[in-house]
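Asks: Quick one, query02.tsv (TSV, N, CA and C atoms):
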```tsv
chain	number	residue	atom	x	y	z
A	1	MET	N	-9.24	1.12	-9.38
A	1	MET	CA	-7.90	0.74	-9.79
A	1	MET	C	-6.91	1.21	-8.72
A	2	TRP	N	-5.92	0.42	-8.45
A	2	TRP	CA	-4.92	0.80	-7.46
A	2	TRP	C	-4.02	1.91	-8.02
A	3	ASP	N	-3.43	2.66	-7.10
A	3	ASP	CA	-2.53	3.72	-7.54
A	3	ASP	C	-1.19	3.70	-6.81
A	4	VAL	N	-1.01	2.76	-5.89
A	4	VAL	CA	0.28	2.60	-5.22
A	4	VAL	C	0.64	1.12	-5.30
A	5	GLU	N	1.72	0.82	-6.05
A	5	GLU	CA	2.13	-0.57	-6.26
A	5	GLU	C	3.66	-0.66	-6.20
A	6	PRO	N	4.22	-0.66	-5.00
A	6	PRO	CA	5.68	-0.64	-4.88
A	6	PRO	C	6.37	-1.88	-5.44
A	7	ASN	N	5.70	-3.01	-5.51
A	7	ASN	CA	6.36	-4.22	-5.99
A	7	ASN	C	6.65	-4.19	-7.48
A	8	SER	N	6.14	-3.20	-8.19
A	8	SER	CA	6.40	-3.09	-9.62
A	8	SER	C	7.73	-2.42	-9.93
A	9	TYR	N	8.38	-1.87	-8.90
A	9	TYR	CA	9.62	-1.16	-9.10
A	9	TYR	C	10.75	-1.91	-8.41
A	10	PRO	N	11.71	-2.44	-9.18
A	10	PRO	CA	12.78	-3.27	-8.59
A	10	PRO	C	13.52	-2.61	-7.44
A	11	ASP	N	13.77	-1.31	-7.50
A	11	ASP	CA	14.52	-0.66	-6.43
A	11	ASP	C	13.71	-0.57	-5.14
A	12	VAL	N	12.38	-0.63	-5.23
A	12	VAL	CA	11.54	-0.57	-4.04
A	12	VAL	C	11.52	-1.92	-3.33
A	13	ASP	N	11.71	-3.01	-4.05
A	13	ASP	CA	11.67	-4.34	-3.47
A	13	ASP	C	12.90	-4.66	-2.62
A	14	ALA	N	13.79	-3.71	-2.49
A	14	ALA	CA	15.06	-3.96	-1.82
A	14	ALA	C	14.91	-4.41	-0.37
A	15	SER	N	14.02	-3.79	0.37
A	15	SER	CA	13.88	-4.13	1.78
A	15	SER	C	12.50	-3.76	2.27
A	16	ALA	N	12.15	-4.28	3.43
A	16	ALA	CA	10.87	-3.94	4.04
A	16	ALA	C	10.82	-2.45	4.37
A	17	THR	N	11.92	-1.89	4.83
A	17	THR	CA	11.97	-0.48	5.19
A	17	THR	C	11.71	0.41	3.97
A	18	VAL	N	12.33	0.09	2.85
A	18	VAL	CA	12.15	0.87	1.63
A	18	VAL	C	10.72	0.73	1.11
A	19	THR	N	10.18	-0.48	1.14
A	19	THR	CA	8.82	-0.71	0.67
A	19	THR	C	7.81	0.05	1.53
A	20	ALA	N	7.95	-0.03	2.84
A	20	ALA	CA	7.03	0.68	3.73
A	20	ALA	C	7.12	2.18	3.52
A	21	ALA	N	8.32	2.69	3.39
A	21	ALA	CA	8.50	4.13	3.17
A	21	ALA	C	7.87	4.57	1.85
A	22	TYR	N	8.00	3.74	0.82
A	22	TYR	CA	7.40	4.05	-0.48
A	22	TYR	C	5.88	4.15	-0.34
A	23	VAL	N	5.28	3.17	0.33
A	23	VAL	CA	3.83	3.18	0.51
A	23	VAL	C	3.39	4.43	1.25
A	24	VAL	N	4.02	4.71	2.36
A	24	VAL	CA	3.62	5.86	3.19
A	24	VAL	C	3.78	7.17	2.41
A	25	SER	N	4.84	7.30	1.63
A	25	SER	CA	5.09	8.55	0.93
A	25	SER	C	4.24	8.73	-0.33
A	26	HIS	N	3.70	7.64	-0.87
A	26	HIS	CA	2.93	7.74	-2.11
A	26	HIS	C	1.41	7.68	-1.93
A	27	VAL	N	0.95	7.30	-0.78
A	27	VAL	CA	-0.50	7.22	-0.54
A	27	VAL	C	-1.09	8.62	-0.45
A	28	ARG	N	-2.26	8.77	-1.05
A	28	ARG	CA	-3.04	10.00	-0.99
A	28	ARG	C	-4.46	9.61	-0.56
A	29	PRO	N	-5.26	10.53	-0.11
A	29	PRO	CA	-6.64	10.17	0.24
A	29	PRO	C	-7.33	9.44	-0.92
A	30	GLY	N	-7.90	8.29	-0.61
A	30	GLY	CA	-8.58	7.48	-1.62
A	30	GLY	C	-7.68	6.48	-2.33
A	31	SER	N	-6.41	6.42	-1.96
A	31	SER	CA	-5.49	5.50	-2.63
A	31	SER	C	-5.87	4.04	-2.37
A	32	ILE	N	-5.53	3.22	-3.33
A	32	ILE	CA	-5.61	1.77	-3.20
A	32	ILE	C	-4.19	1.25	-3.38
A	33	VAL	N	-3.70	0.53	-2.37
A	33	VAL	CA	-2.35	-0.02	-2.39
A	33	VAL	C	-2.45	-1.50	-2.74
A	34	VAL	N	-1.63	-1.94	-3.69
A	34	VAL	CA	-1.57	-3.36	-4.01
A	34	VAL	C	-0.15	-3.84	-3.71
A	35	LEU	N	-0.08	-4.92	-2.94
A	35	LEU	CA	1.20	-5.55	-2.60
A	35	LEU	C	1.11	-7.02	-2.98
A	36	HIS	N	2.16	-7.53	-3.58
A	36	HIS	CA	2.18	-8.93	-4.01
A	36	HIS	C	2.88	-9.78	-2.94
A	37	ALA	N	2.29	-9.83	-1.78
A	37	ALA	CA	2.92	-10.49	-0.62
A	37	ALA	C	2.74	-11.99	-0.63
A	38	MET	N	1.96	-12.53	-1.54
A	38	MET	CA	1.65	-13.96	-1.51
A	38	MET	C	2.77	-14.83	-2.08
A	39	TYR	N	3.69	-14.23	-2.81
A	39	TYR	CA	4.77	-15.01	-3.41
A	39	TYR	C	5.85	-15.32	-2.38
A	40	PRO	N	6.41	-16.52	-2.42
A	40	PRO	CA	7.43	-16.89	-1.43
A	40	PRO	C	8.61	-15.91	-1.36
A	41	ALA	N	9.00	-15.32	-2.48
A	41	ALA	CA	10.15	-14.43	-2.51
A	41	ALA	C	9.82	-13.03	-1.99
A	42	ARG	N	8.61	-12.81	-1.52
A	42	ARG	CA	8.19	-11.48	-1.09
A	42	ARG	C	8.19	-11.32	0.43
A	43	GLU	N	9.14	-11.91	1.08
A	43	GLU	CA	9.25	-11.79	2.54
A	43	GLU	C	9.36	-10.33	2.96
A	44	ALA	N	10.14	-9.54	2.22
A	44	ALA	CA	10.30	-8.13	2.57
A	44	ALA	C	8.96	-7.39	2.47
A	45	THR	N	8.14	-7.76	1.51
A	45	THR	CA	6.82	-7.14	1.37
A	45	THR	C	5.97	-7.45	2.60
A	46	ARG	N	5.99	-8.70	3.02
A	46	ARG	CA	5.21	-9.08	4.22
A	46	ARG	C	5.74	-8.34	5.44
A	47	GLU	N	7.04	-8.19	5.54
A	47	GLU	CA	7.62	-7.48	6.68
A	47	GLU	C	7.31	-5.98	6.64
A	48	ALA	N	7.01	-5.45	5.46
A	48	ALA	CA	6.70	-4.03	5.31
A	48	ALA	C	5.29	-3.68	5.74
A	49	LEU	N	4.40	-4.66	5.82
A	49	LEU	CA	3.00	-4.38	6.11
A	49	LEU	C	2.80	-3.63	7.43
A	50	GLY	N	3.35	-4.14	8.51
A	50	GLY	CA	3.18	-3.50	9.82
A	50	GLY	C	3.68	-2.06	9.83
A	51	PRO	N	4.93	-1.83	9.41
A	51	PRO	CA	5.43	-0.44	9.40
A	51	PRO	C	4.63	0.48	8.46
A	52	ALA	N	4.19	-0.04	7.32
A	52	ALA	CA	3.40	0.80	6.40
A	52	ALA	C	2.06	1.16	7.04
A	53	ILE	N	1.40	0.20	7.64
A	53	ILE	CA	0.11	0.46	8.29
A	53	ILE	C	0.30	1.44	9.44
A	54	ASP	N	1.31	1.22	10.26
A	54	ASP	CA	1.58	2.13	11.37
A	54	ASP	C	1.86	3.55	10.86
A	55	GLY	N	2.65	3.66	9.79
A	55	GLY	CA	2.98	4.97	9.24
A	55	GLY	C	1.76	5.68	8.68
A	56	LEU	N	0.89	4.93	8.03
A	56	LEU	CA	-0.32	5.54	7.48
A	56	LEU	C	-1.29	5.95	8.59
A	57	ARG	N	-1.43	5.11	9.59
A	57	ARG	CA	-2.30	5.47	10.72
A	57	ARG	C	-1.77	6.72	11.42
A	58	ALA	N	-0.45	6.82	11.55
A	58	ALA	CA	0.15	8.00	12.18
A	58	ALA	C	-0.15	9.27	11.39
A	59	ARG	N	-0.39	9.13	10.11
A	59	ARG	CA	-0.74	10.28	9.26
A	59	ARG	C	-2.25	10.50	9.18
A	60	GLY	N	-2.99	9.72	9.95
A	60	GLY	CA	-4.43	9.93	10.02
A	60	GLY	C	-5.26	9.11	9.06
A	61	TYR	N	-4.63	8.20	8.33
A	61	TYR	CA	-5.39	7.38	7.40
A	61	TYR	C	-6.13	6.27	8.14
A	62	ARG	N	-7.24	5.86	7.57
A	62	ARG	CA	-7.95	4.68	8.07
A	62	ARG	C	-8.10	3.72	6.92
A	63	PHE	N	-8.43	2.50	7.24
A	63	PHE	CA	-8.47	1.44	6.24
A	63	PHE	C	-9.90	0.97	6.04
A	64	VAL	N	-10.29	0.86	4.78
A	64	VAL	CA	-11.62	0.39	4.42
A	64	VAL	C	-11.48	-0.63	3.30
A	65	THR	N	-12.54	-1.38	3.08
A	65	THR	CA	-12.55	-2.30	1.95
A	65	THR	C	-12.70	-1.50	0.65
A	66	VAL	N	-12.42	-2.13	-0.47
A	66	VAL	CA	-12.59	-1.46	-1.75
A	66	VAL	C	-14.05	-1.06	-1.95
A	67	SER	N	-14.97	-1.92	-1.56
A	67	SER	CA	-16.40	-1.59	-1.69
A	67	SER	C	-16.74	-0.34	-0.88
A	68	GLN	N	-16.21	-0.26	0.33
A	68	GLN	CA	-16.47	0.92	1.17
A	68	GLN	C	-15.85	2.17	0.54
A	69	LEU	N	-14.66	2.04	-0.01
A	69	LEU	CA	-13.99	3.18	-0.65
A	69	LEU	C	-14.80	3.66	-1.84
A	70	LEU	N	-15.26	2.75	-2.66
A	70	LEU	CA	-16.06	3.15	-3.83
A	70	LEU	C	-17.36	3.83	-3.40
A	71	ALA	N	-17.95	3.37	-2.33
A	71	ALA	CA	-19.16	4.02	-1.82
A	71	ALA	C	-18.84	5.43	-1.34
A	72	LEU	N	-17.70	5.60	-0.67
A	72	LEU	CA	-17.30	6.93	-0.22
A	72	LEU	C	-17.04	7.87	-1.38
A	73	ARG	N	-16.40	7.34	-2.43
A	73	ARG	CA	-16.11	8.16	-3.62
A	73	ARG	C	-17.41	8.58	-4.31
A	74	GLY	N	-18.43	7.71	-4.26
A	74	GLY	CA	-19.71	8.02	-4.88
A	74	GLY	C	-20.46	9.14	-4.19
A	75	LYS	N	-20.13	9.37	-2.91
A	75	LYS	CA	-20.81	10.42	-2.14
A	75	LYS	C	-20.24	11.80	-2.43
A	76	GLY	N	-19.01	11.84	-3.01
A	76	GLY	CA	-18.34	13.12	-3.22
A	76	GLY	C	-18.79	13.76	-4.45
```
What is this file in structure tokens?

Replies:
Amino acid sequence: MWDVEPNSYPDVDASATVTAAYVVSHVRPGSIVVLHAMYPAREATREALGPAIDGLRARGYRFVTVSQLLALRGKG
């Protein structure tokens, strides 16, 4: 189940900068982020992807598929 979903909070949808900052500040090891970028009105969400990814990488996070994450969780 995801644990970071900024699009569910109206104040977070304000801009790409706010959305990216929300993602970076709320992610924890093992987090799953869900973004509803497929809707036409979600341009800010799409614009937030690059800065959010850059911010998470700068904090040492790496990206895996959900299947890979579940396999990692099973090893712990």

Asks: Taking only N, CA and C atoms into account, name the residue in A:Met1, A:Val18, A:Met38, A:Val24 that is nearest to Ala52 (chain A).

Replies: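 Among the listed residues, A:Val24 lies closest to Ala52 (chain A).
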
Asks: Smallest atom-to-atom distance to Arg62 (chain A): which of A:Val27, A:Ala16, A:Val4, A:Ala41, using only C-alpha atoms?

Replies: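 The closest residue to Arg62 (chain A) is A:Val27.
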
Asks: Extract, using only C-alpha atoms, all DNA, RNA and protein residues at most 12 Å from Leu49 (chain A), discarding same-chain residues fewer than 3 positions from it, and format them as number ranges by chain.

Replies: A: 6, 15-24, 33-37, 42-46, 52-56

Asks: Figure out the distance between CA of Asn7 (chain A) and CA of Pro40 (chain A), please, to one decimal in Å.

Replies: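 So the answer is 13.5 Å.
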
Asks: Between CA of Trp2 (chain A) and CA of Ile32 (chain A), measure the distance and give it in Å to one decimal.

Replies: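 Calculated distance between CA of Trp2 (chain A) and CA of Ile32 (chain A) is 4.4 Å.
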
Asks: Please compute the atom N of Ser31 (chain A)-atom N of Ala14 (chain A) distance, one decimal, in Å.

Replies: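 Here the two named atoms are 22.6 Å from each other.
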
Asks: Restricting the calculation to only C-alpha atoms: of A:Arg73, A:Arg28, A:Ser8, A:Asp3, which residue gets closest to Gly60 (chain A)?

Replies: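 For Gly60 (chain A), the nearest of the given residues is A:Arg28.
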
Asks: Mind the document's chain letters and residue numbers, and return as a ChimeraX atom specification the residues of chain A that DSSP labels alpha helix (DSSP H).

Replies: /A:16-26,43-58,66-75
